[in-house]
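Peer 1: Sharing input_12.cif here; it has mmCIF, C-alpha atoms.
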data_protein
#
loop_
_atom_site.label_atom_id
_atom_site.label_comp_id
_atom_site.auth_asym_id
_atom_site.auth_seq_id
_atom_site.Cartn_x
_atom_site.Cartn_y
_atom_site.Cartn_z
CA MET A 1 -26.26 24.05 -74.60
CA THR A 2 -27.55 25.89 -71.54
CA THR A 3 -31.28 26.04 -70.97
CA SER A 4 -33.52 27.61 -68.36
CA THR A 5 -34.41 24.16 -67.05
CA ARG A 6 -30.89 23.21 -65.99
CA ARG A 7 -31.05 21.43 -62.64
CA THR A 8 -29.03 22.48 -59.62
CA PRO A 9 -26.37 19.84 -58.89
CA PRO A 10 -27.58 17.45 -56.13
CA LEU A 11 -24.66 18.48 -53.95
CA PHE A 12 -26.18 21.95 -53.61
CA SER A 13 -29.91 21.24 -53.71
CA GLY A 14 -31.79 23.06 -50.98
CA ILE A 15 -28.96 25.43 -50.13
CA GLY A 16 -30.05 28.24 -52.42
CA ALA A 17 -28.67 29.60 -55.68
CA LEU A 18 -26.26 32.10 -54.13
CA LEU A 19 -24.69 29.58 -51.79
CA SER A 20 -24.36 27.17 -54.71
CA ARG A 21 -22.33 29.79 -56.57
CA VAL A 22 -20.14 30.44 -53.54
CA PHE A 23 -19.36 26.75 -53.21
CA ALA A 24 -18.86 26.36 -56.95
CA ILE A 25 -16.16 29.03 -56.92
CA THR A 26 -14.32 28.29 -53.67
CA PRO A 27 -15.77 25.17 -52.05
CA ALA A 28 -12.58 24.26 -50.18
CA GLY A 29 -12.06 27.79 -48.89
CA THR A 30 -15.69 28.16 -47.81
CA LEU A 31 -15.60 24.90 -45.89
CA LEU A 32 -12.16 25.57 -44.40
CA ASP A 33 -13.38 28.93 -43.07
CA ALA A 34 -16.44 27.23 -41.56
CA ILE A 35 -14.25 24.69 -39.77
CA LYS A 36 -11.82 27.31 -38.45
CA GLN A 37 -14.65 29.56 -37.27
CA ASN A 38 -16.39 26.66 -35.47
CA GLN A 39 -19.53 27.06 -37.55
CA ILE A 40 -19.69 23.25 -37.70
CA VAL A 41 -20.51 21.91 -34.25
CA PRO A 42 -21.30 18.56 -32.67
CA PHE A 43 -24.89 17.55 -32.04
CA TYR A 44 -25.64 14.40 -30.10
CA GLN A 45 -28.20 11.71 -30.85
CA PRO A 46 -28.67 9.47 -27.82
CA PHE A 47 -29.38 5.77 -28.01
CA PHE A 48 -31.15 3.84 -25.33
CA ASP A 49 -30.97 0.51 -23.55
CA SER A 50 -33.81 -1.46 -25.11
CA GLN A 51 -34.87 -3.06 -21.83
CA THR A 52 -34.48 -0.23 -19.30
CA GLY A 53 -35.13 2.74 -21.59
CA LYS A 54 -32.15 4.61 -20.11
CA ILE A 55 -29.62 6.58 -22.14
CA ALA A 56 -26.75 4.21 -22.90
CA GLY A 57 -24.71 6.25 -25.34
CA ILE A 58 -24.54 9.12 -27.81
CA GLU A 59 -23.56 9.41 -31.44
CA VAL A 60 -21.64 12.55 -32.35
CA LEU A 61 -23.03 14.17 -35.52
CA ALA A 62 -21.73 17.25 -37.32
CA ARG A 63 -24.13 20.16 -37.88
CA TRP A 64 -23.36 23.33 -39.84
CA LYS A 65 -25.30 26.55 -39.34
CA HIS A 66 -23.98 29.05 -41.86
CA PRO A 67 -24.25 32.67 -40.60
CA LEU A 68 -26.00 33.75 -43.84
CA TYR A 69 -27.61 30.65 -45.28
CA GLY A 70 -28.69 28.75 -42.19
CA HIS A 71 -28.49 24.99 -41.77
CA ILE A 72 -26.55 23.04 -44.39
CA SER A 73 -27.05 19.30 -44.61
CA PRO A 74 -24.20 16.95 -43.64
CA ASP A 75 -25.00 15.13 -46.90
CA THR A 76 -23.63 18.25 -48.57
CA PHE A 77 -20.59 19.21 -46.55
CA ILE A 78 -19.22 15.81 -45.45
CA PRO A 79 -18.56 14.70 -49.06
CA LEU A 80 -16.96 18.09 -49.69
CA ALA A 81 -14.72 17.67 -46.66
CA GLU A 82 -13.63 14.28 -47.95
CA LYS A 83 -13.13 15.52 -51.50
CA TYR A 84 -10.90 18.42 -50.42
CA ASN A 85 -9.00 16.49 -47.72
CA LEU A 86 -10.55 18.51 -44.90
CA ILE A 87 -12.25 15.62 -43.12
CA ALA A 88 -9.29 15.03 -40.78
CA LEU A 89 -9.29 18.68 -39.70
CA LEU A 90 -13.08 18.66 -39.31
CA THR A 91 -12.96 15.49 -37.20
CA HIS A 92 -10.20 16.98 -35.02
CA GLN A 93 -12.24 20.14 -34.41
CA LEU A 94 -15.37 18.16 -33.59
CA ILE A 95 -13.59 15.92 -31.08
CA GLN A 96 -12.09 18.95 -29.36
CA GLN A 97 -15.57 20.47 -29.12
CA VAL A 98 -16.94 17.20 -27.72
CA ILE A 99 -14.28 17.32 -25.01
CA ALA A 100 -15.23 20.91 -24.18
CA ASP A 101 -18.95 20.03 -24.14
CA LEU A 102 -18.69 16.94 -21.96
CA GLN A 103 -15.62 17.37 -19.76
CA HIS A 104 -17.56 19.03 -16.94
CA ARG A 105 -20.96 17.51 -17.80
CA VAL A 106 -20.21 13.81 -18.08
CA LYS A 107 -21.14 13.44 -14.40
CA PHE A 108 -24.79 13.88 -15.40
CA PHE A 109 -24.71 10.69 -17.50
CA PRO A 110 -24.67 7.06 -16.41
CA ASP A 111 -21.31 5.37 -15.95
CA GLY A 112 -20.14 3.49 -19.01
CA LEU A 113 -21.63 6.02 -21.44
CA TYR A 114 -20.77 5.09 -25.04
CA ILE A 115 -19.50 7.98 -27.17
CA CYS A 116 -19.68 7.03 -30.86
CA LEU A 117 -17.54 8.83 -33.42
CA ASN A 118 -18.01 8.33 -37.14
CA LEU A 119 -14.80 7.32 -38.90
CA SER A 120 -14.36 8.10 -42.58
CA ALA A 121 -11.90 6.04 -44.61
CA HIS A 122 -10.09 9.36 -45.03
CA ASN A 123 -9.43 9.44 -41.27
CA CYS A 124 -7.65 6.10 -41.30
CA LEU A 125 -3.91 6.24 -40.60
CA ASP A 126 -4.30 9.81 -39.33
CA PRO A 127 -2.16 9.95 -36.17
CA ARG A 128 -4.14 12.94 -34.90
CA PHE A 129 -7.37 10.91 -34.86
CA GLU A 130 -5.63 8.38 -32.64
CA SER A 131 -4.33 11.05 -30.25
CA ASP A 132 -7.67 12.87 -30.20
CA THR A 133 -9.62 9.75 -29.23
CA VAL A 134 -7.13 8.94 -26.47
CA GLU A 135 -7.38 12.53 -25.22
CA LEU A 136 -11.17 12.22 -25.24
CA LEU A 137 -10.96 9.12 -23.07
CA HIS A 138 -8.55 10.69 -20.61
CA LYS A 139 -10.31 14.07 -20.32
CA LEU A 140 -13.69 12.44 -19.70
CA ASP A 141 -12.38 9.72 -17.37
CA ALA A 142 -11.82 6.40 -19.09
CA GLY A 143 -13.65 4.67 -16.25
CA GLN A 144 -16.85 6.58 -16.98
CA VAL A 145 -17.04 6.53 -20.79
CA GLN A 146 -16.34 4.12 -23.64
CA VAL A 147 -15.28 5.52 -27.01
CA VAL A 148 -16.65 3.66 -30.03
CA ILE A 149 -15.59 4.39 -33.59
CA GLU A 150 -18.24 3.74 -36.22
CA ILE A 151 -16.93 2.58 -39.57
CA THR A 152 -18.99 4.53 -42.08
CA GLU A 153 -20.13 3.39 -45.49
CA ARG A 154 -19.07 6.25 -47.74
CA HIS A 155 -15.88 4.60 -48.96
CA PRO A 156 -14.54 1.04 -48.63
CA LEU A 157 -11.60 0.23 -46.38
CA HIS A 158 -8.62 -1.56 -47.90
CA PHE A 159 -7.08 -3.68 -45.19
CA THR A 160 -3.34 -3.34 -45.57
CA PRO A 161 -0.92 -4.42 -42.81
CA GLN A 162 -0.42 -0.74 -42.01
CA LEU A 163 -4.16 -0.18 -41.56
CA SER A 164 -4.51 -3.29 -39.42
CA GLU A 165 -1.72 -2.02 -37.17
CA TRP A 166 -3.42 1.39 -36.92
CA PHE A 167 -6.62 -0.25 -35.71
CA ALA A 168 -4.62 -2.46 -33.33
CA THR A 169 -3.11 0.67 -31.76
CA LEU A 170 -6.58 2.11 -31.20
CA ARG A 171 -7.64 -1.17 -29.59
CA LYS A 172 -4.77 -0.95 -27.13
CA SER A 173 -6.32 2.29 -25.90
CA ASN A 174 -9.61 0.44 -25.19
CA ILE A 175 -11.42 2.00 -28.13
CA ALA A 176 -14.23 -0.18 -29.49
CA VAL A 177 -15.46 -0.60 -33.07
CA ALA A 178 -18.97 -0.60 -34.51
CA LEU A 179 -19.94 -1.46 -38.09
CA ASP A 180 -22.37 1.23 -39.21
CA ASP A 181 -25.26 0.57 -41.63
CA PHE A 182 -24.68 -3.14 -41.31
CA GLY A 183 -26.15 -5.18 -44.13
CA THR A 184 -25.66 -2.46 -46.76
CA GLY A 185 -22.78 -1.30 -48.91
CA TYR A 186 -19.29 -2.32 -47.90
CA SER A 187 -20.18 -3.33 -44.34
CA ASN A 188 -20.13 -7.09 -44.80
CA LEU A 189 -18.80 -10.28 -43.30
CA SER A 190 -15.23 -9.51 -44.38
CA TYR A 191 -15.33 -6.44 -42.10
CA ILE A 192 -16.35 -8.63 -39.16
CA HIS A 193 -13.38 -10.87 -39.87
CA ALA A 194 -10.91 -8.00 -40.33
CA LEU A 195 -12.05 -5.70 -37.51
CA ALA A 196 -13.56 -8.01 -34.87
CA PRO A 197 -16.07 -5.29 -33.89
CA GLU A 198 -17.95 -5.18 -30.62
CA PHE A 199 -21.09 -3.68 -32.20
CA ILE A 200 -23.12 -3.68 -35.37
CA LYS A 201 -25.63 -0.98 -36.21
CA ILE A 202 -28.61 -2.34 -38.11
CA ASP A 203 -29.48 0.16 -40.82
CA LYS A 204 -32.80 1.98 -40.78
CA LEU A 205 -33.53 0.42 -44.19
CA PHE A 206 -34.17 -2.88 -42.40
CA VAL A 207 -35.76 -1.36 -39.30
CA SER A 208 -38.28 0.46 -41.50
CA GLN A 209 -39.60 -2.89 -42.71
CA ILE A 210 -40.94 -3.59 -39.23
CA ASP A 211 -44.62 -2.76 -39.09
CA GLU A 212 -47.85 -4.58 -38.45
CA ASN A 213 -47.83 -6.22 -41.88
CA GLY A 214 -44.13 -5.97 -42.71
CA ASP A 215 -41.63 -8.61 -43.76
CA THR A 216 -39.13 -8.89 -40.91
CA ARG A 217 -37.07 -11.78 -42.29
CA LEU A 218 -34.06 -9.60 -43.13
CA VAL A 219 -33.89 -7.81 -39.81
CA ASP A 220 -34.47 -11.12 -38.00
CA SER A 221 -31.57 -12.67 -39.91
CA LEU A 222 -29.25 -9.79 -39.02
CA ILE A 223 -30.19 -10.07 -35.34
CA GLU A 224 -29.61 -13.82 -35.43
CA LEU A 225 -26.21 -13.37 -37.09
CA ALA A 226 -25.13 -10.75 -34.55
CA ASN A 227 -26.21 -12.98 -31.67
CA LYS A 228 -24.28 -15.92 -33.06
CA MET A 229 -21.20 -13.72 -33.49
CA GLN A 230 -21.69 -12.36 -29.95
CA LEU A 231 -21.94 -8.78 -31.23
CA ARG A 232 -23.96 -6.11 -29.48
CA ILE A 233 -26.69 -4.55 -31.60
CA ILE A 234 -27.73 -0.93 -32.06
CA ALA A 235 -30.86 -0.57 -34.20
CA GLU A 236 -30.91 2.74 -36.09
CA GLY A 237 -33.86 4.65 -37.44
CA VAL A 238 -36.45 3.49 -34.92
CA GLU A 239 -39.40 5.78 -35.62
CA THR A 240 -42.52 4.01 -34.31
CA GLN A 241 -43.71 2.25 -31.19
CA CYS A 242 -44.36 -0.84 -33.30
CA GLN A 243 -40.67 -0.97 -34.29
CA ALA A 244 -39.49 -0.31 -30.73
CA ASP A 245 -41.75 -3.00 -29.28
CA TYR A 246 -40.67 -5.56 -31.88
CA LEU A 247 -36.94 -4.91 -31.34
CA ARG A 248 -37.39 -4.92 -27.57
CA GLY A 249 -39.07 -8.30 -27.90
CA LYS A 250 -36.04 -9.53 -29.85
CA LYS A 251 -33.90 -8.41 -26.89
CA ILE A 252 -31.51 -6.34 -28.97
CA ASP A 253 -29.18 -4.19 -26.89
CA PHE A 254 -29.82 -0.60 -27.94
CA MET A 255 -32.22 1.50 -30.01
CA GLN A 256 -31.69 4.86 -31.70
CA GLY A 257 -34.03 7.00 -33.76
CA TYR A 258 -36.59 9.79 -33.90
CA TYR A 259 -39.06 7.77 -31.83
CA PHE A 260 -36.73 8.41 -28.89
CA SER A 261 -34.83 11.58 -29.80
CA ARG A 262 -33.40 13.54 -32.68
CA ALA A 263 -29.83 14.81 -32.59
CA VAL A 264 -29.73 17.65 -30.06
CA HIS A 265 -27.40 20.36 -28.79
CA ILE A 266 -25.36 19.61 -25.68
CA GLU A 267 -27.64 21.67 -23.43
CA GLU A 268 -30.71 19.69 -24.46
CA LEU A 269 -28.81 16.42 -24.09
CA VAL A 270 -27.82 17.28 -20.52
CA ARG A 271 -31.41 18.28 -19.74
CA MET A 272 -32.59 14.87 -20.97
CA ALA A 273 -29.96 13.08 -18.88
CA MET A 274 -30.81 15.06 -15.74
CA LEU A 275 -34.54 14.42 -16.14
CA GLN A 276 -33.88 10.73 -16.51
CA LYS A 277 -31.53 10.71 -13.56
CA GLY A 278 -34.09 12.54 -11.47
CA ARG A 279 -36.75 9.94 -12.25
CA THR A 280 -34.48 7.05 -11.23
CA THR A 281 -33.60 8.63 -7.88
CA GLN A 282 -37.15 9.46 -6.85
#
For this file, produce the structure as structure tokens.

Peer 2:
Amino acid sequence: MTTSTRRTPPLFSGIGALLSRVFAITPAGTLLDAIKQNQIVPFYQPFFDSQTGKIAGIEVLARWKHPLYGHISPDTFIPLAEKYNLIALLTHQLIQQVIADLQHRVKFFPDGLYICLNLSAHNCLDPRFESDTVELLHKLDAGQVQVVIEITERHPLHFTPQLSEWFATLRKSNIAVALDDFGTGYSNLSYIHALAPEFIKIDKLFVSQIDENGDTRLVDSLIELANKMQLRIIAEGVETQCQADYLRGKKIDFMQGYYFSRAVHIEELVRMAMLQKGRTTQ
């Protein structure tokens, strides 16, 4: 029975009724057109050395501005891309745009800049992802940047011999691994054993517990574990000075979050890097 109080499916909440109908009829076609027309573009959220405050790396994030309906949340279109087997094509297009954005601008950033790419389970075993990441390294000068793939939490990885070999091939190209949202979902100790990552990213769920009266036992335990495993730490979701000061006092490696910067377009990212570079040379 249909009633006037029927809720819009969560997948389409906030998009608007008309866009919901468009997606409901041809979701794969709508998304495929957006990918081919480069409506979905990379934005970059920098993360910072916790001790020096300098930009240490950037995370590449997909942003979609529809020509009619405006900004559409990644929480909407990324699951659609995975559902309709378009995530590999979307990732390929994003990496090519990252190359175009940074190839002639990487000189404005510090040497050793980390470029973090989110890896869906659907990207695994995709030979084009492997070739794209190698191309990214070569086009941007492998001596100046370090590519890091972030293992995302949306779906679990099943470690078959074939998958282990695929990761080993990436490693041979000097591509590093980070466990995203560590301490939640599927990102657990078995992943550390299987992937031997260089980084963990402490989820904002734990970082948000840091305040003047908060319980920091969980985040402290994750930091202690990472230190014992000799893993570098990126704390996500840092939104207050209290959180930044606490994590800096714990001597974690890097911090990322709205306290420092939101995800920005390439032009704004370069402006930030040049301002920082100007301050260090004065």

Peer 1: Counting only C-alpha atoms, what are the residues of segment 93-148 of chain A within 12 Å of segment 187-198 of chain A, and for each of them which pair of atoms is the nearest and at what distance in Å, to one decimal? Sort the table by chain and rising number, as JSON lines.

Peer 2:
{"residue": "A:Gln146", "atom": "CA", "partner": "A:Glu198", "partner_atom": "CA", "distance": 11.7}
{"residue": "A:Val147", "atom": "CA", "partner": "A:Glu198", "partner_atom": "CA", "distance": 11.6}
{"residue": "A:Val148", "atom": "CA", "partner": "A:Glu198", "partner_atom": "CA", "distance": 9.0}

Peer 1: Spell out the residues picked by the PyMOL selection byres ((chain A and resi 230) around 12) here, as a PyMOL selection string.

Peer 2: chain A and resi 192+196-200+223-229+231-233+252-253

Peer 1: Please produce a file of the residues just selected, as a PDB file, in the frame of the given file, where the atoms kept are C-alpha atoms.

Peer 2:
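Below is the file that was written, out-v2.pdb:
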ATOM      1  CA  ILE A 192     -16.350  -8.630 -39.160  1.00  0.00           C
ATOM      2  CA  ALA A 196     -13.560  -8.010 -34.870  1.00  0.00           C
ATOM      3  CA  PRO A 197     -16.070  -5.290 -33.890  1.00  0.00           C
ATOM      4  CA  GLU A 198     -17.950  -5.180 -30.620  1.00  0.00           C
ATOM      5  CA  PHE A 199     -21.090  -3.680 -32.200  1.00  0.00           C
ATOM      6  CA  ILE A 200     -23.120  -3.680 -35.370  1.00  0.00           C
ATOM      7  CA  ILE A 223     -30.190 -10.070 -35.340  1.00  0.00           C
ATOM      8  CA  GLU A 224     -29.610 -13.820 -35.430  1.00  0.00           C
ATOM      9  CA  LEU A 225     -26.210 -13.370 -37.090  1.00  0.00           C
ATOM     10  CA  ALA A 226     -25.130 -10.750 -34.550  1.00  0.00           C
ATOM     11  CA  ASN A 227     -26.210 -12.980 -31.670  1.00  0.00           C
ATOM     12  CA  LYS A 228     -24.280 -15.920 -33.060  1.00  0.00           C
ATOM     13  CA  MET A 229     -21.200 -13.720 -33.490  1.00  0.00           C
ATOM     14  CA  LEU A 231     -21.940  -8.780 -31.230  1.00  0.00           C
ATOM     15  CA  ARG A 232     -23.960  -6.110 -29.480  1.00  0.00           C
ATOM     16  CA  ILE A 233     -26.690  -4.550 -31.600  1.00  0.00           C
ATOM     17  CA  ILE A 252     -31.510  -6.340 -28.970  1.00  0.00           C
ATOM     18  CA  ASP A 253     -29.180  -4.190 -26.890  1.00  0.00           C
TER      19      ASP A 253
END

Peer 1: Compare A:Ile202, A:Tyr259, A:Asp126, A:Ser73 by their minimum atom-to-atom distance to Asp245 of chain A, counting all atoms listed in the file, and give me the closest one.

Peer 2: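 Among the listed residues, the smallest separation from Asp245 of chain A belongs to A:Tyr259.
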
Peer 1: Just the residues within 10 Å of Cys242 of chain A, please, counting only C-alpha atoms, with nothing from its chain fewer than 3 positions along; format it as a CSV table (one decimal) with C-alpha atoms, in the frame of the given file.

Peer 2:
chain,number,residue,atom,x,y,z
A,210,ILE,CA,-40.9,-3.6,-39.2
A,211,ASP,CA,-44.6,-2.8,-39.1
A,212,GLU,CA,-47.8,-4.6,-38.4
A,238,VAL,CA,-36.4,3.5,-34.9
A,239,GLU,CA,-39.4,5.8,-35.6
A,245,ASP,CA,-41.8,-3.0,-29.3
A,246,TYR,CA,-40.7,-5.6,-31.9
A,247,LEU,CA,-36.9,-4.9,-31.3
A,248,ARG,CA,-37.4,-4.9,-27.6

Peer 1: What is the atom CA of Lys201 of chain A-atom CA of Glu236 of chain A distance in Å, reported with one decimal?

Peer 2: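 Atom CA of Glu236 of chain A lies 6.5 Å from atom CA of Lys201 of chain A.
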
Peer 1: Just how far from atom CA of Phe129 of chain A is atom CA of Leu32 of chain A, in Å to one decimal?

Peer 2: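 Distance between the two atoms: 18.1 Å.
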
Peer 1: I'd like the neighbourhood of Leu61 of chain A as a ChimeraX atom specification, where a residue qualifies if any of its atoms comes within 8 Å (using only C-alpha atoms), though same-chain residues fewer than 3 positions away should be ignored.

Peer 2: /A:42-45,117-118,263

Peer 1: Restricting it to C-alpha atoms, dump the selection as an mmCIF file, in the frame of the given file.

Peer 2:
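See out08.cif below for the written result:
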data_model
loop_
_atom_site.group_PDB
_atom_site.id
_atom_site.type_symbol
_atom_site.label_atom_id
_atom_site.label_comp_id
_atom_site.auth_asym_id
_atom_site.auth_seq_id
_atom_site.Cartn_x
_atom_site.Cartn_y
_atom_site.Cartn_z
ATOM 1 C CA PRO A 42 -21.300 18.560 -32.670
ATOM 2 C CA PHE A 43 -24.890 17.550 -32.040
ATOM 3 C CA TYR A 44 -25.640 14.400 -30.100
ATOM 4 C CA GLN A 45 -28.200 11.710 -30.850
ATOM 5 C CA LEU A 117 -17.540 8.830 -33.420
ATOM 6 C CA ASN A 118 -18.010 8.330 -37.140
ATOM 7 C CA ALA A 263 -29.830 14.810 -32.590
#

Peer 1: Give me the residues near segment 131-145 of chain A as number ranges by chain, where near means some atom within 10 Å (using only C-alpha atoms) and where sequence neighbours in that chain fewer than 6 positions away do not count.

Peer 2: A: 57, 91-96, 98-100, 102-107, 109-115, 117, 170, 173-175

Peer 1: Using Å and a single decimal, report how far atom CA of Ile234 of chain A sits from atom CA of Asp215 of chain A.

Peer 2: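 Rounded to one decimal, the two atoms are 19.7 Å apart.
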
Peer 1: Can you tell me, as a PyMOL selection string, what residues are no more than 12 Å from Asn123 of chain A when counting only C-alpha atoms, ignoring any on the same chain fewer than 2 positions away?

Peer 2: chain A and resi 81-82+85-92+117-121+125-130+132+149-152+155+157+163+166-167

Peer 1: Of the candidates A:Gly183, A:Pro27, A:Pro161, A:Pro156, which shows the shortest atom-to-atom distance to Leu80 of chain A, using all atoms listed in the file?

Peer 2: A:Pro27

Peer 1: So, with only C-alpha atoms as the atoms that count, which of A:Cys124, A:His265, A:Leu31, A:Ala244 lies closest to Glu165 of chain A?

Peer 2: A:Cys124

Peer 1: Produce the centre coordinates and the three edge lengths, each in Å to one decimal, of the box along x, y and z that contains all listed atoms of segment 61-71 of chain A with 5 Å added on each side, as AutoDock Vina command-line options.

Peer 2:
--center_x -25.2 --center_y 24.0 --center_z -40.4 --size_x 17.0 --size_y 29.6 --size_z 19.8

Peer 1: For this file, the PyMOL selection byres ((chain A and resi 49) around 10) selects which residues, as JSON, numbers by chain?

Peer 2: {"A": [47, 48, 50, 51, 52, 53, 54, 55, 56, 57, 234, 248, 251, 252, 253, 254, 255, 256]}

Peer 1: Between A:Lys250, A:Leu222, A:Ser261, A:Gly237, single out the one closest to Leu205 of chain A, counting all atoms listed in the file.

Peer 2: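 Among the listed residues, A:Gly237 lies closest to Leu205 of chain A.
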
Peer 1: Any chance you could work out the residue set of the PyMOL selection byres ((chain A and resi 273) around 9) here, as a list of chain:residue names?

Peer 2: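 This file gives the following for the PyMOL selection byres ((chain A and resi 273) around 9): A:Lys54, A:Ile55, A:Phe108, A:Phe109, A:Pro110, A:Glu268, A:Leu269, A:Val270, A:Arg271, A:Met272, A:Met274, A:Leu275, A:Gln276, A:Lys277, A:Gly278.
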